[in-house]
Amino acid sequence: IDWPKNSGDSVEKQKADFIQILDTYQKLNYNAVVVQIRSAGDALYPTILAPWSRYLTGSEGKAPNPNFDPLEWMIEESHERGFEFHAWMNPYRATMDLKTENLSIDHDYNKHRDWMIEYGGKYYYNPALPEVQKQLTAIVEEVVIKYDIDAIHFDDYFYPYKIKGVDFNDRASYQRYGNGVSLEDWRRSNVTAFVKTISFGIKKLKPWVQFGISPFGVWRNQTMDPKGSETYGTSNYDDLFADPIDWMNNNWIDYIIPQLYWSVDYKSQSGVNYSKLLK
């Protein structure tokens with residue numbers, strides 16, 4: 001959201017903007033930057049596993065001009081100023097809309113249409129497919145191997161946020177891989193397996209590289225589980241099929257930054273409140 005400010009800007013302008021952000025963070029005594037390098041099946045670095053991001057160059061699949069490796073450059077500039085560099089990825093979100101004509105021929109939508117599920121005006125990778133898990137793992141591990149990052153960071157997109165009356169159509173995968181467990185438990189197991197695989201993969205390659213996740217701010221509601229929060233409505237466990245408590249208990253992640261995007265004073269029907277959820 002902060003950077004690149006405009007995909008039509010020159011490389012020089014984008015570099016200057018990035019350095020300005022780092023300079024601001026230095027004054028605020030920050031010690032880490034979390035920079036998105038994969039937003040929707042794309043990449044802000046050169047790779048054969050995904051096309052160049054339109055958010056960097058204005059057109060998906062188009063390289064920067066003059067061509068360079070933005071990720072390598074950003075890491076160097078960040079380290080020079082004493083910041084850790086956390087490479088932020090959205091693993092499961094494949095597109096931001098249904099305008100597939102704007103996608104590069106190298107986008108996974110065009111290469112592996114059978115991996116995609118349309119939902120709520122976007123395409124998502126189907127978390128149930130072994131080949132999807134393999135591809136997403138390869139993407140993460142390539143970055144860990146090639147770059148001097150300090151962490152891999154995942155956003156809150158696991159199974160998509162529910163839309164009333166709309167089904168996430170993974171029935172065929174459930175019939176094939178469900179093994180008799182409930183749909184909900186099966187979906188959670190898909191996410192759990194992926195998080196565990198990524199964690200083990202990172203530590204095997206570079207034990208010092210951290211793995212962090214920013215899940216939605218509600219783990220589970222007390223109405224569903226006594227350990228949950230005094231909230232109602234959307235939760236990680238029951239709606240996004242993600243279980244951050246399990247990840248922490250198993251030490252699969254090194255840090256967690258729940259997205260507590262509510263004020264201390266906020267009173268709503270769903271009961272969300274910053275201080276309640278912080279506990």
# chains A, B, ... in the order shown; residues from 1 in each chain; ligands from 1
>>> residues_around(residues="A:Asp23", least_positions_apart="6", cutoff="12 Å", atoms="only C-alpha atoms", output="PyMOL selection string")
chain A and resi 16-17+29-31+33+77-78+80-83
>>> write_last_selection(atoms="all heavy atoms", output="compact mmCIF listing (two decimals), in the first residue's frame")
# COMPACT_ATOMS: atom_id res chain seq x y z
N ALA A 16 13.74 6.15 -4.66
CA ALA A 16 13.76 7.32 -3.77
C ALA A 16 12.61 7.24 -2.75
O ALA A 16 12.80 7.55 -1.57
CB ALA A 16 13.65 8.61 -4.59
N ASP A 17 11.45 6.80 -3.21
CA ASP A 17 10.30 6.65 -2.31
C ASP A 17 10.57 5.61 -1.23
O ASP A 17 10.22 5.79 -0.06
CB ASP A 17 9.05 6.24 -3.09
CG ASP A 17 8.47 7.38 -3.92
OD1 ASP A 17 8.81 8.55 -3.65
OD2 ASP A 17 7.68 7.09 -4.86
N ASN A 29 12.63 4.88 15.18
CA ASN A 29 13.32 3.78 15.89
C ASN A 29 12.71 2.41 15.60
O ASN A 29 12.74 1.52 16.45
CB ASN A 29 13.35 4.03 17.40
CG ASN A 29 14.20 5.23 17.75
OD1 ASN A 29 15.28 5.40 17.21
ND2 ASN A 29 13.71 6.07 18.64
N TYR A 30 12.18 2.22 14.40
CA TYR A 30 11.74 0.88 14.00
C TYR A 30 12.98 0.01 13.78
O TYR A 30 14.06 0.51 13.47
CB TYR A 30 10.96 0.93 12.68
CG TYR A 30 9.56 1.49 12.78
CD1 TYR A 30 9.12 2.18 13.90
CD2 TYR A 30 8.68 1.32 11.73
CE1 TYR A 30 7.83 2.69 13.97
CE2 TYR A 30 7.38 1.84 11.79
CZ TYR A 30 6.97 2.52 12.91
OH TYR A 30 5.69 3.01 12.96
N ASN A 31 12.82 -1.30 13.93
CA ASN A 31 13.96 -2.19 13.71
C ASN A 31 13.70 -3.25 12.64
O ASN A 31 14.54 -4.10 12.37
CB ASN A 31 14.40 -2.86 15.01
CG ASN A 31 13.31 -3.71 15.64
OD1 ASN A 31 12.28 -3.96 15.02
ND2 ASN A 31 13.53 -4.13 16.87
N VAL A 33 11.39 -3.96 8.69
CA VAL A 33 10.41 -3.58 7.67
C VAL A 33 9.78 -4.85 7.13
O VAL A 33 10.47 -5.85 6.91
CB VAL A 33 11.03 -2.75 6.52
CG1 VAL A 33 11.39 -1.35 7.02
CG2 VAL A 33 12.23 -3.42 5.90
N GLU A 77 19.43 -2.05 1.09
CA GLU A 77 19.15 -0.72 1.65
C GLU A 77 18.62 -0.83 3.09
O GLU A 77 18.96 0.00 3.95
CB GLU A 77 18.13 0.02 0.78
CG GLU A 77 18.62 0.38 -0.61
CD GLU A 77 19.77 1.37 -0.62
OE1 GLU A 77 19.83 2.24 0.28
OE2 GLU A 77 20.63 1.29 -1.53
N SER A 78 17.80 -1.84 3.35
CA SER A 78 17.24 -2.03 4.69
C SER A 78 18.33 -2.44 5.68
O SER A 78 18.44 -1.89 6.78
CB SER A 78 16.13 -3.08 4.66
OG SER A 78 15.10 -2.68 3.78
N GLU A 80 21.52 -1.97 5.44
CA GLU A 80 22.47 -0.87 5.60
C GLU A 80 22.05 0.07 6.72
O GLU A 80 22.88 0.67 7.39
CB GLU A 80 22.54 -0.07 4.29
CG GLU A 80 23.94 0.18 3.78
CD GLU A 80 23.90 0.79 2.39
OE1 GLU A 80 23.53 1.97 2.28
OE2 GLU A 80 24.22 0.07 1.43
N ARG A 81 20.74 0.18 6.93
CA ARG A 81 20.21 1.08 7.96
C ARG A 81 19.85 0.35 9.25
O ARG A 81 19.23 0.92 10.15
CB ARG A 81 18.97 1.81 7.41
CG ARG A 81 19.33 2.80 6.31
CD ARG A 81 18.10 3.21 5.51
NE ARG A 81 18.42 4.22 4.51
CZ ARG A 81 19.01 3.97 3.33
NH1 ARG A 81 19.34 2.71 3.01
NH2 ARG A 81 19.27 4.94 2.49
N GLY A 82 20.21 -0.93 9.33
CA GLY A 82 20.01 -1.68 10.57
C GLY A 82 18.66 -2.32 10.74
O GLY A 82 18.30 -2.77 11.82
N PHE A 83 17.87 -2.39 9.64
CA PHE A 83 16.55 -3.04 9.73
C PHE A 83 16.65 -4.53 9.40
O PHE A 83 17.42 -4.92 8.53
CB PHE A 83 15.58 -2.45 8.69
CG PHE A 83 15.21 -1.01 8.91
CD1 PHE A 83 15.71 -0.02 8.09
CD2 PHE A 83 14.33 -0.66 9.93
CE1 PHE A 83 15.35 1.31 8.28
CE2 PHE A 83 13.97 0.66 10.12
CZ PHE A 83 14.48 1.65 9.29
>>> residues_around(residues="stretch 1-12 of chain A", least_positions_apart="2", cutoff="7 Å", atoms="only C-alpha atoms", output="MDAnalysis selection string")
chainID A and resid 14:16 18 54:58 65
>>> closest_residue(among="A:Val144, A:Val166, A:Val34, A:Ala128", to="A:Ile213", atoms="only C-alpha atoms")
A:Val34
>>> closest_atom_pairs(of="stretch 51-88 of chain A", to="stretch 151-155 of chain A", cutoff="10 Å", atoms="only C-alpha atoms", output="CSV")
residue,atom,partner,partner_atom,distance
A:Glu84,CA,A:Ala151,CA,8.0
A:Phe85,CA,A:Ala151,CA,6.7
A:His86,CA,A:Ala151,CA,4.5
A:Ala87,CA,A:Ile152,CA,5.0
A:Trp88,CA,A:His153,CA,4.4
>>> closest_atom_pairs(of="stretch 52-169 of chain A", to="stretch 177-180 of chain A", cutoff="12 Å", atoms="only C-alpha atoms", output="CSV")
residue,atom,partner,partner_atom,distance
A:Pro127,CA,A:Tyr177,CA,11.5
A:Ala128,CA,A:Tyr177,CA,7.7
A:Leu129,CA,A:Tyr177,CA,8.7
A:Pro130,CA,A:Tyr177,CA,9.8
>>> closest_residue(among="A:Ser173, A:Asn126, A:Asn221, A:Thr192", to="A:Asp239", atoms="only C-alpha atoms")
A:Asn221
>>> select_by_dssp(residues="stretch 86-211 of chain A", states="strand (DSSP E)", output="list in words")
His86, Ala87, Trp88, Met89, Met116, Ile117, Glu118, Tyr119, Lys122, Tyr123, Tyr124, Tyr125, Ala151, Ile152, His153, Phe154, Gln210 and Phe211 of chain A
>>> write_last_selection(atoms="N, CA and C atoms", output="PDB file, in the first residue's frame")
ATOM      1  N   HIS A  86      11.650  -8.395   6.364  1.00  0.00           N
ATOM      2  CA  HIS A  86      10.677  -9.488   6.392  1.00  0.00           C
ATOM      3  C   HIS A  86       9.914  -9.489   5.066  1.00  0.00           C
ATOM      4  N   ALA A  87      10.049 -10.570   4.320  1.00  0.00           N
ATOM      5  CA  ALA A  87       9.434 -10.684   2.988  1.00  0.00           C
ATOM      6  C   ALA A  87       8.007 -11.192   3.129  1.00  0.00           C
ATOM      7  N   TRP A  88       7.054 -10.307   2.840  1.00  0.00           N
ATOM      8  CA  TRP A  88       5.634 -10.575   3.069  1.00  0.00           C
ATOM      9  C   TRP A  88       4.987 -11.127   1.800  1.00  0.00           C
ATOM     10  N   MET A  89       4.304 -12.256   1.961  1.00  0.00           N
ATOM     11  CA  MET A  89       3.644 -12.916   0.838  1.00  0.00           C
ATOM     12  C   MET A  89       2.181 -13.217   1.155  1.00  0.00           C
ATOM     13  N   MET A 116      -7.330 -23.248  -9.599  1.00  0.00           N
ATOM     14  CA  MET A 116      -8.028 -22.030  -9.180  1.00  0.00           C
ATOM     15  C   MET A 116      -9.487 -22.275  -8.787  1.00  0.00           C
ATOM     16  N   ILE A 117      -9.931 -21.524  -7.777  1.00  0.00           N
ATOM     17  CA  ILE A 117     -11.344 -21.489  -7.401  1.00  0.00           C
ATOM     18  C   ILE A 117     -11.783 -20.029  -7.385  1.00  0.00           C
ATOM     19  N   GLU A 118     -12.865 -19.753  -8.126  1.00  0.00           N
ATOM     20  CA  GLU A 118     -13.404 -18.392  -8.161  1.00  0.00           C
ATOM     21  C   GLU A 118     -14.298 -18.189  -6.940  1.00  0.00           C
ATOM     22  N   TYR A 119     -14.097 -17.069  -6.262  1.00  0.00           N
ATOM     23  CA  TYR A 119     -14.901 -16.788  -5.074  1.00  0.00           C
ATOM     24  C   TYR A 119     -14.884 -15.295  -4.784  1.00  0.00           C
ATOM     25  N   LYS A 122     -12.770 -12.887  -7.020  1.00  0.00           N
ATOM     26  CA  LYS A 122     -11.322 -13.131  -7.113  1.00  0.00           C
ATOM     27  C   LYS A 122     -11.106 -14.615  -7.420  1.00  0.00           C
ATOM     28  N   TYR A 123      -9.864 -14.939  -7.797  1.00  0.00           N
ATOM     29  CA  TYR A 123      -9.469 -16.342  -7.901  1.00  0.00           C
ATOM     30  C   TYR A 123      -8.506 -16.656  -6.761  1.00  0.00           C
ATOM     31  N   TYR A 124      -8.680 -17.848  -6.198  1.00  0.00           N
ATOM     32  CA  TYR A 124      -7.819 -18.325  -5.126  1.00  0.00           C
ATOM     33  C   TYR A 124      -7.195 -19.650  -5.535  1.00  0.00           C
ATOM     34  N   TYR A 125      -5.964 -19.875  -5.071  1.00  0.00           N
ATOM     35  CA  TYR A 125      -5.374 -21.205  -5.184  1.00  0.00           C
ATOM     36  C   TYR A 125      -6.190 -22.150  -4.306  1.00  0.00           C
ATOM     37  N   ALA A 151      13.147 -12.853   7.470  1.00  0.00           N
ATOM     38  CA  ALA A 151      11.902 -13.570   7.776  1.00  0.00           C
ATOM     39  C   ALA A 151      11.033 -13.694   6.530  1.00  0.00           C
ATOM     40  N   ILE A 152      10.240 -14.748   6.522  1.00  0.00           N
ATOM     41  CA  ILE A 152       9.102 -14.879   5.601  1.00  0.00           C
ATOM     42  C   ILE A 152       7.866 -14.539   6.419  1.00  0.00           C
ATOM     43  N   HIS A 153       6.995 -13.713   5.836  1.00  0.00           N
ATOM     44  CA  HIS A 153       5.800 -13.269   6.560  1.00  0.00           C
ATOM     45  C   HIS A 153       4.559 -13.533   5.713  1.00  0.00           C
ATOM     46  N   PHE A 154       3.569 -14.210   6.295  1.00  0.00           N
ATOM     47  CA  PHE A 154       2.297 -14.471   5.610  1.00  0.00           C
ATOM     48  C   PHE A 154       1.226 -13.520   6.124  1.00  0.00           C
ATOM     49  N   GLN A 210      13.334 -16.271  10.192  1.00  0.00           N
ATOM     50  CA  GLN A 210      12.099 -16.396  10.969  1.00  0.00           C
ATOM     51  C   GLN A 210      10.900 -16.644  10.041  1.00  0.00           C
ATOM     52  N   PHE A 211       9.848 -17.157  10.641  1.00  0.00           N
ATOM     53  CA  PHE A 211       8.577 -17.345   9.934  1.00  0.00           C
ATOM     54  C   PHE A 211       7.502 -16.694  10.794  1.00  0.00           C
TER      55      PHE A 211
END
>>> atom_distance(atom1="atom CA of A:Ile19", atom2="atom CA of A:Arg38")
20.1 Å
>>> residues_around(residues="A:Ala63", least_positions_apart="4", cutoff="10 Å", atoms="only C-alpha atoms", output="short mmCIF file (atom, residue, chain, number, x, y, z; two decimals) with all heavy atoms, in the first residue's frame")
data_model
loop_
_atom_site.label_atom_id
_atom_site.label_comp_id
_atom_site.auth_asym_id
_atom_site.auth_seq_id
_atom_site.Cartn_x
_atom_site.Cartn_y
_atom_site.Cartn_z
N LEU A 44 7.62 -9.33 -6.96
CA LEU A 44 8.39 -8.09 -7.07
C LEU A 44 9.88 -8.41 -7.13
O LEU A 44 10.71 -7.67 -6.63
CB LEU A 44 8.08 -7.15 -5.91
CG LEU A 44 6.88 -6.22 -6.12
CD1 LEU A 44 5.57 -6.95 -5.81
CD2 LEU A 44 6.98 -4.97 -5.26
N TYR A 45 10.19 -9.54 -7.77
CA TYR A 45 11.58 -9.98 -7.93
C TYR A 45 11.60 -10.93 -9.12
O TYR A 45 10.56 -11.49 -9.49
CB TYR A 45 12.07 -10.69 -6.65
CG TYR A 45 11.20 -11.85 -6.23
CD1 TYR A 45 11.48 -13.16 -6.64
CD2 TYR A 45 10.06 -11.65 -5.46
CE1 TYR A 45 10.66 -14.23 -6.28
CE2 TYR A 45 9.23 -12.71 -5.10
CZ TYR A 45 9.53 -13.98 -5.50
OH TYR A 45 8.73 -15.04 -5.16
N PRO A 46 12.76 -11.13 -9.76
CA PRO A 46 12.80 -12.01 -10.93
C PRO A 46 12.70 -13.48 -10.55
O PRO A 46 13.44 -13.96 -9.70
CB PRO A 46 14.17 -11.69 -11.55
CG PRO A 46 14.99 -11.16 -10.42
CD PRO A 46 14.05 -10.48 -9.47
N PRO A 51 4.99 -14.20 -12.61
CA PRO A 51 5.30 -13.03 -13.44
C PRO A 51 5.63 -11.80 -12.59
O PRO A 51 5.23 -11.71 -11.43
CB PRO A 51 3.99 -12.81 -14.21
CG PRO A 51 2.93 -13.34 -13.32
CD PRO A 51 3.54 -14.50 -12.58
N TRP A 52 6.34 -10.86 -13.21
CA TRP A 52 6.57 -9.57 -12.56
C TRP A 52 5.23 -8.94 -12.18
O TRP A 52 4.25 -9.05 -12.92
CB TRP A 52 7.30 -8.62 -13.50
CG TRP A 52 8.77 -8.85 -13.62
CD1 TRP A 52 9.42 -9.46 -14.66
CD2 TRP A 52 9.79 -8.46 -12.69
NE1 TRP A 52 10.78 -9.47 -14.43
CE2 TRP A 52 11.04 -8.87 -13.23
CE3 TRP A 52 9.77 -7.81 -11.45
CZ2 TRP A 52 12.25 -8.65 -12.58
CZ3 TRP A 52 10.98 -7.58 -10.80
CH2 TRP A 52 12.19 -8.00 -11.37
N SER A 53 5.17 -8.27 -11.06
CA SER A 53 3.93 -7.67 -10.57
C SER A 53 3.58 -6.39 -11.30
O SER A 53 4.42 -5.54 -11.54
CB SER A 53 4.07 -7.37 -9.08
OG SER A 53 2.93 -6.68 -8.61
N ARG A 54 2.29 -6.26 -11.62
CA ARG A 54 1.80 -5.02 -12.24
C ARG A 54 1.93 -3.84 -11.27
O ARG A 54 1.97 -2.69 -11.68
CB ARG A 54 0.35 -5.18 -12.66
CG ARG A 54 -0.65 -5.15 -11.52
CD ARG A 54 -2.07 -5.44 -11.95
NE ARG A 54 -2.22 -6.83 -12.34
CZ ARG A 54 -3.38 -7.38 -12.67
NH1 ARG A 54 -4.48 -6.65 -12.66
NH2 ARG A 54 -3.46 -8.64 -13.00
N LEU A 56 4.39 -3.09 -9.60
CA LEU A 56 5.76 -2.58 -9.73
C LEU A 56 5.96 -1.86 -11.06
O LEU A 56 6.55 -0.78 -11.10
CB LEU A 56 6.76 -3.73 -9.59
CG LEU A 56 8.24 -3.35 -9.61
CD1 LEU A 56 8.65 -2.69 -8.30
CD2 LEU A 56 9.10 -4.59 -9.86
N THR A 57 5.46 -2.47 -12.14
CA THR A 57 5.80 -1.96 -13.48
C THR A 57 4.59 -1.51 -14.29
O THR A 57 4.76 -1.08 -15.43
CB THR A 57 6.56 -3.03 -14.29
OG1 THR A 57 5.68 -4.15 -14.50
CG2 THR A 57 7.81 -3.50 -13.56
N GLY A 58 3.38 -1.63 -13.75
CA GLY A 58 2.20 -1.17 -14.46
C GLY A 58 1.56 -2.22 -15.34
O GLY A 58 0.39 -2.10 -15.70
N SER A 59 2.32 -3.26 -15.69
CA SER A 59 1.78 -4.32 -16.55
C SER A 59 2.36 -5.65 -16.10
O SER A 59 3.58 -5.81 -16.01
CB SER A 59 2.17 -4.04 -18.00
OG SER A 59 1.69 -5.07 -18.84
N ASN A 67 16.29 -2.85 -16.02
CA ASN A 67 16.02 -4.08 -15.29
C ASN A 67 16.99 -4.25 -14.12
O ASN A 67 18.18 -4.02 -14.27
CB ASN A 67 16.13 -5.28 -16.24
CG ASN A 67 15.36 -6.49 -15.71
OD1 ASN A 67 15.00 -6.54 -14.53
ND2 ASN A 67 15.11 -7.46 -16.57
N PHE A 68 16.43 -4.61 -12.98
CA PHE A 68 17.26 -4.89 -11.80
C PHE A 68 16.44 -5.78 -10.87
O PHE A 68 15.30 -6.12 -11.18
CB PHE A 68 17.68 -3.59 -11.11
CG PHE A 68 16.60 -2.93 -10.27
CD1 PHE A 68 16.76 -2.75 -8.91
CD2 PHE A 68 15.42 -2.46 -10.85
CE1 PHE A 68 15.77 -2.14 -8.14
CE2 PHE A 68 14.43 -1.86 -10.09
CZ PHE A 68 14.61 -1.69 -8.73
N ASP A 69 17.03 -6.19 -9.76
CA ASP A 69 16.32 -7.04 -8.80
C ASP A 69 15.87 -6.17 -7.62
O ASP A 69 16.67 -5.87 -6.73
CB ASP A 69 17.25 -8.16 -8.31
CG ASP A 69 16.52 -9.18 -7.45
OD1 ASP A 69 15.50 -8.81 -6.83
OD2 ASP A 69 16.98 -10.34 -7.39
#
>>> closest_residue(among="A:Tyr237, A:Trp208, A:Phe194, A:Tyr109", to="A:Asp150", atoms="only C-alpha atoms")
A:Trp208
>>> closest_residue(among="A:Ile37, A:Leu28, A:Ile105, A:Ile202", to="A:Ile75", atoms="only C-alpha atoms")
A:Ile37
